[in-house]
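See structure below.
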Amino acid sequence: MKKITFVSAFIISFLCHTQEVLVQKTTQIDKAREVANTFLTNEYIPGMSISVSKNDELIWSEGFGFSDIDNKTKVVPSKTQFRLASISKPITAVGLAILADKKQLKFDESLYTYIPNYPKKEYDFSIRQIGGHLAGIRHYKGQEFISNKKMSIKEGLGIFKNDPLIHQPGTKYQYSTYGWNLLSAVIEEITEKDFTEFMKSSLLVPLKMWNTTLDLSDQEMPNRTKFYRKTNQNKITQSPSVSNEHKVAGGGFIATSEDLIHFGNEIIDPQIISEESLKELLKAQKTQDGKSTNYGIGFGIGTSPRNTPNFSHSGGGVGATTLLLVYPEEKIVIAIVTNLSQVPIRDFGKKLENVFLN
């Protein structure tokens, strides 16, 4: 009788705990949905997808609004592909880590070790400095950001390769997507493969990121969202066509929010790269005067409200604003993708952070 009573008490306790967890999860999701709908409305966002995982389990994934306003096509988190914009950088960083694990690349080696014919500059600079925006390579200027000229990665280097460095490497943090163009050229030189094909076989397929691919400017992609911008009068119009093929490594991938969850969980529990290489990506770099840049190689380095580590990257592209948040100690990943330019995604990310970390 005592044994039966003990077992019964255990079962009741377990069921009560399970019910409590389910109630908490439901409350979190209800709150997050409320915050998301407010954000969508206030910012006039046509379409958005949010996915959240905890302990490698997808606990919330929901589409909001439309991927195509005219045809009233709803956003589907497992299907609708958004421009990742600069979230492409941490994905490429893991590609670099794969080569580091194979002893084919060293983060502190000179760029010229891998591309000896790159135009010589006044100063040498390393792969790490390029990946940390410390190399002095310039960012976009003029109309380059909205160019619709399709180019290969090597052709794209011609945009900036003959320009002087904007500062001595290591002395200043200066954000540069073109630096990541250069890193994709490094990957092609090392592997003797097309960059996108290398990333697909080495990273995207192993991580089951089936819906992550190159954003093709000259082909219809049936699951790809339309892209929008907002006028000063808050009128939503379709964005101009752009070509991102030459800058895929820094801003040219498209993906679903659920694919980003797979990627984020690789940062929490690495399966395709070593812990050693991951630490190199997540180590905040410093300028020569000792000041932290709060940026590693392709990852922003921060802390959560709990004072625990937070690794992230936002993205701003033509018809896209995105955010990836990774909390290793809490084992939480939050992925947000939208089809509208220039929305305050970091502020919204903090609101979701407060929901799921509390």
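Just remember, in the structure tokens the first chain shown is A, the second B, etc., residues are 1-based per chain, and ligands are 1-based in the order shown.
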
Contacts of Asp163 in chain A at 9 Å (only C-alpha atoms; same-chain gap of 2+ positions) as a ChimeraX atom specification: /A:121,137-138,159-161,165-166

Generate the output file for the selected residues, C-alpha atoms, as a PDB file, in the first residue's frame.
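Heads up, here's the output in selection-v3.pdb:
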ATOM      1  CA  LYS A 121      47.650  47.979 -49.241  1.00  0.00           C
ATOM      2  CA  ILE A 137      37.975  47.880 -45.659  1.00  0.00           C
ATOM      3  CA  ARG A 138      35.283  50.334 -46.626  1.00  0.00           C
ATOM      4  CA  ILE A 159      33.882  47.469 -56.531  1.00  0.00           C
ATOM      5  CA  PHE A 160      36.333  48.140 -53.703  1.00  0.00           C
ATOM      6  CA  LYS A 161      39.559  46.157 -54.080  1.00  0.00           C
ATOM      7  CA  LEU A 165      42.121  51.214 -46.483  1.00  0.00           C
ATOM      8  CA  ILE A 166      40.077  53.774 -44.550  1.00  0.00           C
TER       9      ILE A 166
END

Residues of range 117-225 of chain A within 12 Å of range 283-301 of chain A: nearest atom pair and distance (Å, one decimal) for each, counting only C-alpha atoms, sorted by chain and number, as CSV?
residue,atom,partner,partner_atom,distance
A:Ser126,CA,A:Ile297,CA,11.6
A:Ile127,CA,A:Ile297,CA,9.0
A:Arg128,CA,A:Ile297,CA,6.5
A:Gln129,CA,A:Ile297,CA,8.2
A:Ile130,CA,A:Ile297,CA,8.2
A:Gly131,CA,A:Ile297,CA,4.7
A:Gly132,CA,A:Ile297,CA,5.0
A:His133,CA,A:Tyr295,CA,8.4
A:Leu134,CA,A:Thr287,CA,7.6
A:Ala135,CA,A:Thr287,CA,10.5
A:Gly136,CA,A:Thr287,CA,11.8
A:His167,CA,A:Thr287,CA,11.9
A:Gln168,CA,A:Gln288,CA,10.1
A:Pro169,CA,A:Thr287,CA,8.8
A:Gly170,CA,A:Thr287,CA,5.2
A:Thr171,CA,A:Thr287,CA,5.2
A:Lys172,CA,A:Thr287,CA,6.0
A:Tyr173,CA,A:Thr293,CA,6.6
A:Gln174,CA,A:Thr293,CA,9.8
A:Tyr175,CA,A:Tyr295,CA,10.3
A:Ser176,CA,A:Gly298,CA,11.1
A:Thr177,CA,A:Gly298,CA,10.5
A:Gly179,CA,A:Gly298,CA,10.9
A:Trp180,CA,A:Gly298,CA,9.0
A:Leu183,CA,A:Gly298,CA,11.0

Non-local contacts of Ile336 in chain A (6 Å; only C-alpha atoms; under 3 positions in same chain excluded) as a PyMOL selection string: chain A and resi 49-50+322-323

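One distance worth recording is that between CA of Val76 in chain A and CA of Arg33 in chain A, which is 15.2 Å.
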
task: Could you give me, as a PyMOL selection string, each residue of range 200-341 of chain A that DSSP assigns to strand (DSSP E or B) when run on this structure's backbone?
output: chain A and resi 213-214+224+228-230+236-238+253-255+286+292+295+300-303+309-317+320-327+332-338+340

task: Could you tell me how far CA of Asp347 in chain A lies from CA of Gly142 in chain A, in Å and to one decimal?
output: 28.1 Å

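Nearest residue to Gly63 in chain A, choosing from A:Ala36, A:Tyr228, A:Lys89, A:Pro309 and counting only C-alpha atoms: A:Ala36.
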
- prompt: So how far away is CA of Ile87 in chain A from CA of Gly315 in chain A, in Å?
  reply: 5.5 Å

Can you tell me, as a CSV table (one decimal) with C-alpha atoms, in the first residue's frame, what residues are no more than 9 Å from His246 in chain A when counting only C-alpha atoms, ignoring any on the same chain fewer than 2 positions away?
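To be explicit, this is the file written out as result.csv:
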chain,number,residue,atom,x,y,z
A,150,LYS,CA,24.4,40.8,-61.2
A,151,MET,CA,28.0,39.9,-60.4
A,152,SER,CA,30.0,36.9,-59.2
A,153,ILE,CA,31.9,37.2,-56.0
A,154,LYS,CA,35.2,37.8,-57.8
A,155,GLU,CA,33.6,40.4,-60.0
A,156,GLY,CA,32.1,42.1,-56.9
A,157,LEU,CA,35.6,42.5,-55.5
A,181,ASN,CA,32.8,39.6,-49.8
A,243,SER,CA,21.2,41.9,-56.9
A,244,ASN,CA,22.9,40.4,-53.8
A,248,VAL,CA,26.0,36.6,-50.4
A,249,ALA,CA,28.5,36.1,-47.6
A,252,GLY,CA,22.8,37.6,-49.7

Write out as a PDB file with C-alpha atoms, in the first residue's frame which residues come within 6 Å of range 96-98 of chain A when counting only C-alpha atoms, dropping same-chain ones fewer than 2 positions away.
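Dumped everything to selection_8.pdb:
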ATOM      1  CA  ALA A  93      31.623  32.758 -40.023  1.00  0.00           C
ATOM      2  CA  VAL A  94      30.708  29.159 -39.256  1.00  0.00           C
ATOM      3  CA  ALA A 100      39.788  26.248 -39.460  1.00  0.00           C
ATOM      4  CA  ASP A 101      38.889  22.834 -38.051  1.00  0.00           C
ATOM      5  CA  ILE A 273      32.364  22.815 -35.829  1.00  0.00           C
ATOM      6  CA  SER A 277      36.712  27.210 -33.343  1.00  0.00           C
TER       7      SER A 277
END

- request: Report as a PyMOL selection string: the residues of range 152-352 of chain A with a DSSP assignment of helix (DSSP H, G or I), based on the backbone of this structure.
  value: chain A and resi 153-157+177-191+195-204+245-251+257-268+275-281+345-352

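Within the 12 Å cut-off around Lys200 in chain A, using only C-alpha atoms and omitting residues fewer than 6 positions from it on the same chain, the listed residues are Ile91, Thr92, Gly95, Lys193, Asp194, Pro206, Leu207, Lys208, Met209, Trp210, Asn211, Thr212, Thr213, Leu214 and Phe253 of chain A.
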
Can you tell me which residues surround Pro305 in chain A at a distance of at most 10 Å, considering only C-alpha atoms, apart from same-chain residues fewer than 2 positions away, and format the answer as a PDB file with C-alpha atoms, in the first residue's frame?
ATOM      1  CA  THR A 303      24.810  40.052 -22.183  1.00  0.00           C
ATOM      2  CA  ASN A 307      23.884  38.975 -17.076  1.00  0.00           C
ATOM      3  CA  THR A 308      24.464  35.795 -19.098  1.00  0.00           C
ATOM      4  CA  PRO A 309      26.103  35.668 -22.545  1.00  0.00           C
ATOM      5  CA  ASN A 310      24.131  36.747 -25.584  1.00  0.00           C
ATOM      6  CA  LYS A 350      14.531  43.222 -26.357  1.00  0.00           C
ATOM      7  CA  GLU A 353      13.923  38.718 -24.789  1.00  0.00           C
ATOM      8  CA  ASN A 354      12.102  39.981 -21.701  1.00  0.00           C
ATOM      9  CA  LEU A 357      14.035  34.972 -20.436  1.00  0.00           C
ATOM     10  CA  ASN A 358      11.776  35.820 -17.501  1.00  0.00           C
TER      11      ASN A 358
END

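The residue that comes closest to Ser274 in chain A, out of A:Leu99, A:Ile187, A:Leu325, A:Val355 and on the basis of only C-alpha atoms, is A:Leu99.
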
- line: Of A:Gln219, A:Asn55, A:Gln104, A:Gly349, the one nearest to Glu329 in chain A when counting only C-alpha atoms is A:Asn55

Determine, using only C-alpha atoms, which residues of range 142-219 of chain A have any atom at most 8 Å from an atom of range 111-114 of chain A, and tabulate each with its shortest atom pair and distance in Å to one decimal place, rows ordered by chain and then rising number, as CSV.
residue,atom,partner,partner_atom,distance
A:Val186,CA,A:Tyr114,CA,6.0
A:Glu189,CA,A:Tyr114,CA,6.8
A:Ile190,CA,A:Tyr114,CA,6.9
